[in-house]
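As structure tokens, the structure follows; a few thoughts come after it.
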There are 2 protein chains.
Amino acid sequence: MSDVAALAGVDTSVVSRVINGDERLLVRPETRQRVLDAIDRLGYRPNIAARMLKTSRTMAIGLVIPDFANASHAQIAIGAEQRANDAGYILLVASGAAEHRLAQLHGRVDGLLYAIATGDPAAPVQLPEGIPCLLVNRREPHLGPSVIGNDEASAEVATQHLIDLGHRRIAHLVVNVPLDTGNRRTAGYLRAMSNAGLPVPPELGITTDVDEIGGYKATLELLHREPRPTALLIATSRWAMGALAACDELGVRVPEDLSIVAFSDTPIGEFMHPALTTVELPLRAMGVTAVEMLLRLIDDEDVADVELDELPRLTQRASTAPPPPD
Amino acid sequence: MSDVAALAGVDTSVVSRVINGDERLLVRPETRQRVLDAIDRLGYRPNIAARMLKTSRTMAIGLVIPDFANASHAQIAIGAEQRANDAGYILLVASGAAEHRLAQLHGRVDGLLYAIATGDPAAPVQLPEGIPCLLVNRREPHLGPSVIGNDEASAEVATQHLIDLGHRRIAHLVVNVPLDTGNRRTAGYLRAMSNAGLPVPPELGITTDVDEIGGYKATLELLHREPRPTALLIATSRWAMGALAACDELGVRVPEDLSIVAFSDTPIGEFMHPALTTVELPLRAMGVTAVEMLLRLIDDEDVADVELDELPRLTQRASTAPPPPD
DNA sequence: CTGTTAGCGCTTTCAA
DNA sequence: TTGAAAGCGCTAACAG
């Protein structure tokens with residue numbers, strides 16, 4: 001920087017002003033140009049660390065996710081990235097052991113988004129202090145502000161769709177770790193069931209791993225229960241793939257023998273066989289909103305918890321139909 | 001930090017030594033403990049920016065990818081994250097306009113991995129200077145060192161499998177932007193074809209978008225060509241989903257009427273209907289190796305371009321069979 | 001084994 | 001409109 005200043009025949013403070021977009025244009029255009037030329041000639045790039053140290057601002061936002069291969073988090077990240085970019089921030093995504101990453105990001109970012117498993121009381125999350133944090137796609141009162149989708153309403157709409165088709169034994173696949181998202185969906189499912197006066201025997205819920213095999217195994221097991229459910233409410237595209245594979249293996253036809261509704265975290269459901277009836281999840285919007293809230297937090301404003309209020313959109317495709325006769 | 005020093009009754013430099021794991025234990029255990037206690041009491045956390053400024057090291061590695069929703073990049077990121085973590089670095093993943101992100105990461109990381117589209121001469125990538133950069137899953141001589149998988153051999157193995165089954169009209173789906181990865185696969189495909197003395201009429205290659213719809217459209221078009229190919233070589237899981245949907249729509253049976261081999265970027269192929277014959281891509285290993293190479297680059301060592309030499313592994317499932325009689 | 005010192009590269013009052 | 005000067009919080013010689 002002093003090289004630039006020397007070459008332009010000015011002081012470093014002037015260079016700084018030029019770079020930081022003169023507040024109130026207090027640099028003569030001619031000087032300004034000279035500095036710009038010098039920067040260009042020297043290929044000068046400001047030292048971010050020094051700037052961070054001086055301003056105590058990083059102009060970066062962190063996002064901690066459990067797994068890069070998770071489609072939901074990818075969608076959230078896409079939304080967050082766009083909004084952050086618009087605000088002049090760079091979104092830095094880190095994955096791995098939540099607490100460790102959160103700590104490592106401290107000092108490198110102005111605010112932290114985290115979309116991680118939080119429900120496990122055996123592994124409580126300790127947030128770094130002195131930096132705004134926002135929980136995404138989860139709500140845990142003790143963890144501060146959060147943004148979530150309308151999971152409960154979505155699950156209710158999906159369940160209602162199956163009920164409207166005449167289903168009575170509707171099973172619900174839930175992930176096998178305590179997760180707020182799953183709880184809210186379960187609530188919506190239960191509400192629809194009880195509104196319709198339908199019983200929910202315990203064998204209609206099942207927990208399993210988050211990948212295709214999880215969906216496969218859970219479906220296999222559900223299909224062996226008596227009485228067999230006639231419809232499945234499924235949380236992810238990967239589960240749905242596993243569920244369809246299980247049906248295929250057992251010769252269970254979808255939708256003739258079994259209807260399936262899935263929450264849509266990727267566009268893939270449309271291309272499954274049969275094409276999946278889905279409820280869209282406002283994942284990108286969640287990323288956008290999360291960044292907006294975090295930006296406000298960074299500016300020391302208060303934020304209230306947000307639940308996205310887009311109405312759940314059900315797209316009926318080929319995987320749902322009236323149940324088979326008993 | 002000076003608070004900690006004061007509370008522990010030592011100088012800040014001692015605090016620094018304690019924090020940075022005394023080289024050669026030159027702090028008395030007792031003093032050390034006092035400092036540790038003070039740190040704990042005060043909840044002190046070192047200022048990363050100051051440390052970066054002083055040491056000109058960030059202990060972070062950047063990874064720039066075009067899209068968080070791309071499964072291949074996710075796998076690469078997973079491998080890279082693990083290796084970076086083992087080395088005491090944090091992996092920071094950014095997505096978006098490559099050049100912009102690369103520039104924004106400059107100064108925040110000690111080295112840069114980038115796995116982006118590079119083949120478009122209309123938008124040449126300008127790398128930031130003064131920081132080690134490594135191209136991942138692409139090879140462009142003018143862009144410096146790179147790590148790639150054995151795409152050519154993989155494509156050859158996949159094609160050979162189809163040839164061995166008796167196929168002669170094997171079509172190849174290629175992405176519609178110039179991409180080195182695709183070129184290398186095409187080379188393997190062509191080699192297998194020509195080794196077998198098979199012609200490759202131009203109508204057996206087709207380019208399209210990277211998502212499911214791309215695979216769907218391309219397959220639809222290929223299936224309308226005369227003579228119709230009897231086998232497809234497909235680059236991604238998403239394309240394969242689209243291809244299967246297209247076959248389904250046209251009443252083309254897989255594998256009786258059409259065989260499909262796909263490169264596997266996710267485990268999903270196993271759960272498709274029919275289960276997909278796939279060739280595994282060493283994506284995680286690529287991430288691991290990329291970090292190892294970058295670490296060497298950061299230490300000012302030389303690195304040579306790497307092509308992963310794991311032998312391509314073909315997993316035969318239900319989507320390939322001998323071609324239908326002519 | 002511990003303290004002193006200088007300075008990393010920048011921004012930002014304040015004075016000229 | 002520009003320059004001078006201080007200092008952000010830390011690390012790393014070097015001296016004690």
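Ordering of the structure tokens sets the chain letters (A, B, ...); residue numbers start at 1 within each chain; ligands are numbered from 1 in the order shown.
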query: If you run DSSP on this backbone, which residues of range 73-164 of chain B come out as strand (DSSP E or B), and could you give them as an NGL selection string?
result: :B and (90-95 or 106 or 109 or 111-114 or 133-136 or 146-148)
Dump as a PDB file, in the first residue's frame, selection limited to N, CA and C atoms:
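Final file, result05.pdb:
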```
ATOM      1  N   ILE B  90      -9.287 -25.243   8.232  1.00  0.00           N
ATOM      2  CA  ILE B  90     -10.726 -25.294   8.013  1.00  0.00           C
ATOM      3  C   ILE B  90     -10.972 -25.100   6.531  1.00  0.00           C
ATOM      4  N   LEU B  91     -11.874 -25.905   5.990  1.00  0.00           N
ATOM      5  CA  LEU B  91     -12.214 -25.770   4.577  1.00  0.00           C
ATOM      6  C   LEU B  91     -13.385 -24.810   4.448  1.00  0.00           C
ATOM      7  N   LEU B  92     -13.192 -23.775   3.671  1.00  0.00           N
ATOM      8  CA  LEU B  92     -14.231 -22.785   3.446  1.00  0.00           C
ATOM      9  C   LEU B  92     -14.721 -22.918   2.007  1.00  0.00           C
ATOM     10  N   VAL B  93     -15.985 -23.267   1.859  1.00  0.00           N
ATOM     11  CA  VAL B  93     -16.513 -23.499   0.526  1.00  0.00           C
ATOM     12  C   VAL B  93     -17.325 -22.292   0.079  1.00  0.00           C
ATOM     13  N   ALA B  94     -17.036 -21.817  -1.111  1.00  0.00           N
ATOM     14  CA  ALA B  94     -17.797 -20.704  -1.664  1.00  0.00           C
ATOM     15  C   ALA B  94     -18.291 -21.088  -3.039  1.00  0.00           C
ATOM     16  N   SER B  95     -19.420 -20.529  -3.395  1.00  0.00           N
ATOM     17  CA  SER B  95     -19.997 -20.861  -4.689  1.00  0.00           C
ATOM     18  C   SER B  95     -20.431 -19.585  -5.377  1.00  0.00           C
ATOM     19  N   HIS B 106      -9.282 -14.417  -1.604  1.00  0.00           N
ATOM     20  CA  HIS B 106      -7.887 -14.001  -1.499  1.00  0.00           C
ATOM     21  C   HIS B 106      -7.670 -13.255  -0.183  1.00  0.00           C
ATOM     22  N   VAL B 109      -7.692 -17.145   2.869  1.00  0.00           N
ATOM     23  CA  VAL B 109      -7.257 -18.546   2.859  1.00  0.00           C
ATOM     24  C   VAL B 109      -5.798 -18.621   2.431  1.00  0.00           C
ATOM     25  N   GLY B 111      -4.692 -21.139   0.576  1.00  0.00           N
ATOM     26  CA  GLY B 111      -4.632 -21.799  -0.718  1.00  0.00           C
ATOM     27  C   GLY B 111      -6.032 -21.999  -1.248  1.00  0.00           C
ATOM     28  N   LEU B 112      -6.118 -22.186  -2.539  1.00  0.00           N
ATOM     29  CA  LEU B 112      -7.415 -22.185  -3.199  1.00  0.00           C
ATOM     30  C   LEU B 112      -7.585 -23.422  -4.067  1.00  0.00           C
ATOM     31  N   LEU B 113      -8.656 -24.139  -3.807  1.00  0.00           N
ATOM     32  CA  LEU B 113      -9.055 -25.241  -4.674  1.00  0.00           C
ATOM     33  C   LEU B 113     -10.197 -24.731  -5.525  1.00  0.00           C
ATOM     34  N   TYR B 114     -10.189 -25.021  -6.804  1.00  0.00           N
ATOM     35  CA  TYR B 114     -11.360 -24.618  -7.569  1.00  0.00           C
ATOM     36  C   TYR B 114     -11.752 -25.701  -8.539  1.00  0.00           C
ATOM     37  N   CYS B 133      -2.928 -22.077  -6.056  1.00  0.00           N
ATOM     38  CA  CYS B 133      -4.223 -22.475  -6.584  1.00  0.00           C
ATOM     39  C   CYS B 133      -4.116 -23.862  -7.185  1.00  0.00           C
ATOM     40  N   LEU B 134      -5.148 -24.633  -7.038  1.00  0.00           N
ATOM     41  CA  LEU B 134      -5.135 -25.976  -7.614  1.00  0.00           C
ATOM     42  C   LEU B 134      -6.492 -26.267  -8.240  1.00  0.00           C
ATOM     43  N   LEU B 135      -6.427 -26.720  -9.469  1.00  0.00           N
ATOM     44  CA  LEU B 135      -7.635 -27.033 -10.218  1.00  0.00           C
ATOM     45  C   LEU B 135      -8.048 -28.467  -9.906  1.00  0.00           C
ATOM     46  N   VAL B 136      -9.322 -28.653  -9.577  1.00  0.00           N
ATOM     47  CA  VAL B 136      -9.789 -29.979  -9.179  1.00  0.00           C
ATOM     48  C   VAL B 136     -10.791 -30.530 -10.186  1.00  0.00           C
ATOM     49  N   SER B 146      -3.141 -29.503 -11.278  1.00  0.00           N
ATOM     50  CA  SER B 146      -4.513 -30.007 -11.187  1.00  0.00           C
ATOM     51  C   SER B 146      -4.518 -31.455 -10.733  1.00  0.00           C
ATOM     52  N   VAL B 147      -5.668 -31.877 -10.243  1.00  0.00           N
ATOM     53  CA  VAL B 147      -5.872 -33.288  -9.927  1.00  0.00           C
ATOM     54  C   VAL B 147      -7.149 -33.740 -10.628  1.00  0.00           C
ATOM     55  N   ILE B 148      -7.061 -34.860 -11.285  1.00  0.00           N
ATOM     56  CA  ILE B 148      -8.231 -35.390 -11.981  1.00  0.00           C
ATOM     57  C   ILE B 148      -8.373 -36.866 -11.677  1.00  0.00           C
TER      58      ILE B 148
END
```
- request: Dump as a ChimeraX atom specification the residues of chain B that approach chain A to within 7 Å, counting only C-alpha atoms.
  value: /B:47-50,52-53,68-69,71,74-75,77-78,91-94,107-108,241-242,245,271-273
Could you take the residues named above and write them with N, CA and C atoms, as a PDB file, in the first residue's frame?
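Once written, result.pdb looks like this:
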```
ATOM      1  N   ASN B  47      -7.859 -13.145  18.647  1.00  0.00           N
ATOM      2  CA  ASN B  47      -8.370 -12.446  17.474  1.00  0.00           C
ATOM      3  C   ASN B  47      -7.674 -12.983  16.226  1.00  0.00           C
ATOM      4  N   ILE B  48      -8.519 -13.644  15.408  1.00  0.00           N
ATOM      5  CA  ILE B  48      -7.969 -14.323  14.230  1.00  0.00           C
ATOM      6  C   ILE B  48      -7.343 -13.335  13.254  1.00  0.00           C
ATOM      7  N   ALA B  49      -8.001 -12.208  13.090  1.00  0.00           N
ATOM      8  CA  ALA B  49      -7.504 -11.227  12.118  1.00  0.00           C
ATOM      9  C   ALA B  49      -6.102 -10.764  12.495  1.00  0.00           C
ATOM     10  N   ALA B  50      -5.919 -10.504  13.769  1.00  0.00           N
ATOM     11  CA  ALA B  50      -4.595 -10.057  14.221  1.00  0.00           C
ATOM     12  C   ALA B  50      -3.552 -11.140  13.987  1.00  0.00           C
ATOM     13  N   MET B  52      -3.697 -13.521  11.785  1.00  0.00           N
ATOM     14  CA  MET B  52      -3.469 -13.629  10.338  1.00  0.00           C
ATOM     15  C   MET B  52      -2.512 -12.536   9.871  1.00  0.00           C
ATOM     16  N   LEU B  53      -2.776 -11.362  10.361  1.00  0.00           N
ATOM     17  CA  LEU B  53      -1.952 -10.227   9.942  1.00  0.00           C
ATOM     18  C   LEU B  53      -0.501 -10.451  10.341  1.00  0.00           C
ATOM     19  N   PHE B  68     -23.781 -25.437  -5.131  1.00  0.00           N
ATOM     20  CA  PHE B  68     -23.858 -26.294  -3.954  1.00  0.00           C
ATOM     21  C   PHE B  68     -24.693 -27.546  -4.210  1.00  0.00           C
ATOM     22  N   ALA B  69     -25.574 -27.502  -5.201  1.00  0.00           N
ATOM     23  CA  ALA B  69     -26.490 -28.623  -5.407  1.00  0.00           C
ATOM     24  C   ALA B  69     -25.894 -29.701  -6.294  1.00  0.00           C
ATOM     25  N   ALA B  71     -23.853 -32.848  -7.002  1.00  0.00           N
ATOM     26  CA  ALA B  71     -23.436 -33.980  -6.174  1.00  0.00           C
ATOM     27  C   ALA B  71     -21.940 -34.252  -6.268  1.00  0.00           C
ATOM     28  N   ALA B  74     -20.077 -31.933  -4.123  1.00  0.00           N
ATOM     29  CA  ALA B  74     -20.318 -32.240  -2.717  1.00  0.00           C
ATOM     30  C   ALA B  74     -19.377 -33.344  -2.259  1.00  0.00           C
ATOM     31  N   GLN B  75     -19.217 -34.362  -3.079  1.00  0.00           N
ATOM     32  CA  GLN B  75     -18.328 -35.468  -2.705  1.00  0.00           C
ATOM     33  C   GLN B  75     -16.887 -34.990  -2.613  1.00  0.00           C
ATOM     34  N   ALA B  77     -15.939 -32.042  -1.928  1.00  0.00           N
ATOM     35  CA  ALA B  77     -15.854 -31.200  -0.738  1.00  0.00           C
ATOM     36  C   ALA B  77     -15.734 -32.042   0.527  1.00  0.00           C
ATOM     37  N   ILE B  78     -16.451 -33.153   0.555  1.00  0.00           N
ATOM     38  CA  ILE B  78     -16.392 -34.014   1.735  1.00  0.00           C
ATOM     39  C   ILE B  78     -14.982 -34.550   1.931  1.00  0.00           C
ATOM     40  N   LEU B  91     -11.874 -25.905   5.990  1.00  0.00           N
ATOM     41  CA  LEU B  91     -12.214 -25.770   4.577  1.00  0.00           C
ATOM     42  C   LEU B  91     -13.385 -24.810   4.448  1.00  0.00           C
ATOM     43  N   LEU B  92     -13.192 -23.775   3.671  1.00  0.00           N
ATOM     44  CA  LEU B  92     -14.231 -22.785   3.446  1.00  0.00           C
ATOM     45  C   LEU B  92     -14.721 -22.918   2.007  1.00  0.00           C
ATOM     46  N   VAL B  93     -15.985 -23.267   1.859  1.00  0.00           N
ATOM     47  CA  VAL B  93     -16.513 -23.499   0.526  1.00  0.00           C
ATOM     48  C   VAL B  93     -17.325 -22.292   0.079  1.00  0.00           C
ATOM     49  N   ALA B  94     -17.036 -21.817  -1.111  1.00  0.00           N
ATOM     50  CA  ALA B  94     -17.797 -20.704  -1.664  1.00  0.00           C
ATOM     51  C   ALA B  94     -18.291 -21.088  -3.039  1.00  0.00           C
ATOM     52  N   GLY B 107      -6.696 -13.716   0.577  1.00  0.00           N
ATOM     53  CA  GLY B 107      -6.429 -13.068   1.852  1.00  0.00           C
ATOM     54  C   GLY B 107      -7.137 -13.740   3.008  1.00  0.00           C
ATOM     55  N   ARG B 108      -8.154 -14.534   2.693  1.00  0.00           N
ATOM     56  CA  ARG B 108      -8.872 -15.243   3.761  1.00  0.00           C
ATOM     57  C   ARG B 108      -8.411 -16.689   3.870  1.00  0.00           C
ATOM     58  N   MET B 241     -31.551 -40.280 -14.036  1.00  0.00           N
ATOM     59  CA  MET B 241     -32.958 -40.192 -13.636  1.00  0.00           C
ATOM     60  C   MET B 241     -33.810 -39.706 -14.799  1.00  0.00           C
ATOM     61  N   GLY B 242     -33.315 -38.672 -15.464  1.00  0.00           N
ATOM     62  CA  GLY B 242     -34.056 -38.140 -16.605  1.00  0.00           C
ATOM     63  C   GLY B 242     -34.163 -39.159 -17.720  1.00  0.00           C
ATOM     64  N   ALA B 245     -36.738 -41.722 -16.942  1.00  0.00           N
ATOM     65  CA  ALA B 245     -38.081 -41.155 -17.093  1.00  0.00           C
ATOM     66  C   ALA B 245     -38.470 -41.112 -18.567  1.00  0.00           C
ATOM     67  N   PHE B 271     -30.682 -47.459  -6.259  1.00  0.00           N
ATOM     68  CA  PHE B 271     -32.095 -47.483  -5.887  1.00  0.00           C
ATOM     69  C   PHE B 271     -33.010 -47.099  -7.027  1.00  0.00           C
ATOM     70  N   MET B 272     -32.430 -46.904  -8.189  1.00  0.00           N
ATOM     71  CA  MET B 272     -33.283 -46.583  -9.322  1.00  0.00           C
ATOM     72  C   MET B 272     -33.956 -47.848  -9.817  1.00  0.00           C
ATOM     73  N   HIS B 273     -34.862 -47.639 -10.719  1.00  0.00           N
ATOM     74  CA  HIS B 273     -35.622 -48.765 -11.243  1.00  0.00           C
ATOM     75  C   HIS B 273     -35.511 -48.772 -12.749  1.00  0.00           C
TER      76      HIS B 273
END
```
- prompt: In Å, with one decimal, what is the gap from CA of Val35 in chain B to CA of Asp11 in chain B?
  reply: 10.0 Å
Residue neighbourhood DT2 in chain D, 12 Å, only C-alpha atoms (C1' of nucleotides), exclusion window fewer than 3 positions, as a ChimeraX atom specification: /A:9-15,17,26-28,31-32 /C:15-16
message: Near chain A, meaning an atom within 7 Å, which residues of chain C appear when counting only C-alpha atoms (C1' of nucleotides)? Write them as a PyMOL selection string.
response: chain C and resi 9-11
message: Env of Glu280 in chain A: 7 Å cut, atoms = only C-alpha atoms (C1' of nucleotides), seq-sep filter 4 positions within chain, self excluded. Answer as a PyMOL selection string.
response: chain A and resi 263-264+312-314
How would the residues just picked look written out with C-alpha atoms as an mmCIF file, in the first residue's frame?
```cif
data_model
loop_
_atom_site.group_PDB
_atom_site.id
_atom_site.type_symbol
_atom_site.label_atom_id
_atom_site.label_comp_id
_atom_site.auth_asym_id
_atom_site.auth_seq_id
_atom_site.Cartn_x
_atom_site.Cartn_y
_atom_site.Cartn_z
ATOM 1 C CA PHE A 263 -41.314 -33.422 0.832
ATOM 2 C CA SER A 264 -39.329 -32.100 -2.062
ATOM 3 C CA PRO A 312 -47.470 -25.121 1.244
ATOM 4 C CA ARG A 313 -47.758 -26.136 -2.400
ATOM 5 C CA LEU A 314 -48.688 -29.699 -3.158
#
```
- request: Define the interface residues of chain D facing chain A as those within 10 Å, counting only C-alpha atoms (C1' of nucleotides), and report them as a list in words.
  value: DT1, DT2, DG3, DA4, DG7, DC8, DG9 and DC10 of chain D
- prompt: Between CA of Leu36 in chain A and CA of Gly88 in chain A, what is the distance, to one decimal in Å?
  reply: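 Those two atoms sit 21.1 Å apart.
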query: Within 6 Å of Val288 in chain A, counting only C-alpha atoms (C1' of nucleotides), which residues qualify if same-chain residues fewer than 4 places away don't, as a list in words?
result: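 With the cut-off at 6 Å, the set is Gly79, Ala80 and Arg83 of chain A.
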So that I can check the secondary structure, give me every residue of range 79-289 of chain B assigned alpha helix (DSSP H) by backbone DSSP, as a short mmCIF file (atom, residue, chain, number, x, y, z; two decimals) with C-alpha atoms, in the first residue's frame.
```cif
data_model
loop_
_atom_site.label_atom_id
_atom_site.label_comp_id
_atom_site.auth_asym_id
_atom_site.auth_seq_id
_atom_site.Cartn_x
_atom_site.Cartn_y
_atom_site.Cartn_z
CA GLY B 79 -13.01 -35.50 0.95
CA ALA B 80 -11.32 -32.13 1.02
CA GLU B 81 -12.95 -31.18 4.30
CA GLN B 82 -11.68 -34.30 6.01
CA ARG B 83 -8.14 -33.92 4.85
CA ALA B 84 -8.06 -30.22 5.60
CA ASN B 85 -9.40 -30.85 9.06
CA ASP B 86 -6.74 -33.49 9.72
CA ALA B 98 -15.84 -18.20 -10.02
CA GLU B 99 -13.68 -15.20 -10.60
CA HIS B 100 -15.49 -13.09 -8.08
CA ARG B 101 -15.31 -15.75 -5.39
CA LEU B 102 -11.69 -16.49 -6.07
CA ALA B 103 -10.92 -12.82 -5.56
CA GLN B 104 -13.03 -12.55 -2.43
CA LEU B 105 -11.30 -15.53 -0.91
CA ASP B 151 -12.21 -40.47 -16.42
CA GLU B 152 -10.81 -41.79 -19.63
CA ALA B 153 -10.20 -45.26 -18.27
CA SER B 154 -13.58 -45.20 -16.54
CA ALA B 155 -15.39 -44.33 -19.73
CA GLU B 156 -13.46 -47.00 -21.53
CA VAL B 157 -14.40 -49.63 -18.96
CA ALA B 158 -18.03 -48.62 -19.08
CA THR B 159 -18.09 -48.66 -22.86
CA GLN B 160 -16.24 -51.94 -22.97
CA HIS B 161 -18.83 -53.47 -20.67
CA LEU B 162 -21.53 -52.54 -23.16
CA ILE B 163 -19.47 -53.79 -26.08
CA ASP B 164 -18.89 -57.07 -24.28
CA ASP B 180 -12.29 -31.06 -19.86
CA THR B 181 -13.85 -33.86 -17.83
CA GLY B 182 -16.27 -34.60 -20.62
CA ASN B 183 -13.52 -34.52 -23.20
CA ARG B 184 -11.51 -37.10 -21.34
CA ARG B 185 -14.50 -39.36 -21.02
CA THR B 186 -15.24 -38.99 -24.67
CA ALA B 187 -11.69 -40.04 -25.39
CA GLY B 188 -12.14 -43.23 -23.35
CA TYR B 189 -15.43 -43.92 -25.04
CA LEU B 190 -13.92 -43.44 -28.48
CA ARG B 191 -10.97 -45.62 -27.65
CA ALA B 192 -13.16 -48.50 -26.58
CA MET B 193 -15.30 -48.08 -29.65
CA SER B 194 -12.41 -47.98 -32.04
CA ASN B 195 -10.60 -50.84 -30.30
CA GLU B 212 -32.58 -34.24 -14.87
CA ILE B 213 -34.42 -32.47 -17.66
CA GLY B 214 -31.23 -32.45 -19.69
CA GLY B 215 -30.95 -36.22 -19.39
CA TYR B 216 -34.62 -36.57 -20.12
CA LYS B 217 -34.58 -34.46 -23.28
CA ALA B 218 -31.37 -35.92 -24.62
CA THR B 219 -32.65 -39.46 -24.15
CA LEU B 220 -35.96 -38.62 -25.74
CA GLU B 221 -34.14 -37.33 -28.77
CA LEU B 222 -31.72 -40.23 -28.98
CA LEU B 223 -34.56 -42.71 -28.82
CA SER B 237 -27.01 -39.60 -11.60
CA ARG B 238 -29.31 -36.73 -12.39
CA TRP B 239 -29.06 -37.42 -16.09
CA ALA B 240 -29.73 -41.07 -15.46
CA MET B 241 -32.96 -40.19 -13.64
CA GLY B 242 -34.06 -38.14 -16.61
CA ALA B 243 -33.07 -40.88 -19.01
CA LEU B 244 -35.10 -43.49 -17.14
CA ALA B 245 -38.08 -41.16 -17.09
CA ALA B 246 -37.80 -40.70 -20.85
CA CYS B 247 -37.61 -44.44 -21.43
CA ASP B 248 -40.61 -44.95 -19.25
CA GLU B 249 -42.57 -42.38 -21.18
CA LEU B 250 -41.76 -43.98 -24.53
CA LEU B 283 -14.53 -38.02 -6.03
CA ARG B 284 -13.73 -38.09 -2.33
CA ALA B 285 -10.23 -39.32 -3.00
CA MET B 286 -9.91 -36.41 -5.37
CA GLY B 287 -10.83 -34.01 -2.59
CA VAL B 288 -8.32 -35.62 -0.27
CA THR B 289 -5.55 -35.55 -2.83
#
```
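With CA of Leu204 in chain B on one side and CA of Asp257 in chain B on the other, the separation reads 16.3 Å.
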message: I'd like the neighbourhood of Asp120 in chain B as a list in words, where a residue qualifies if any of its atoms comes within 8 Å (using only C-alpha atoms (C1' of nucleotides)), though same-chain residues fewer than 5 positions away should be ignored.
response: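 Non-adjacent residues within range: Val177, Pro178 and Leu179 of chain B.
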Please, could you write that set of residues out with C-alpha atoms as a tab-separated table (two decimals), in the first residue's frame?
```
chain	number	residue	atom	x	y	z
B	177	VAL	CA	-20.40	-26.64	-22.33
B	178	PRO	CA	-16.80	-27.38	-23.15
B	179	LEU	CA	-15.55	-29.29	-20.15
```
message: At a cut-off of 12 Å, using only C-alpha atoms (C1' of nucleotides), what residues contact DA13 in chain D? Leave out same-chain residues fewer than 6 positions from it and give the result as a VMD selection string.
response: (chain B and resid 13) or (chain C and resid 4 to 7)
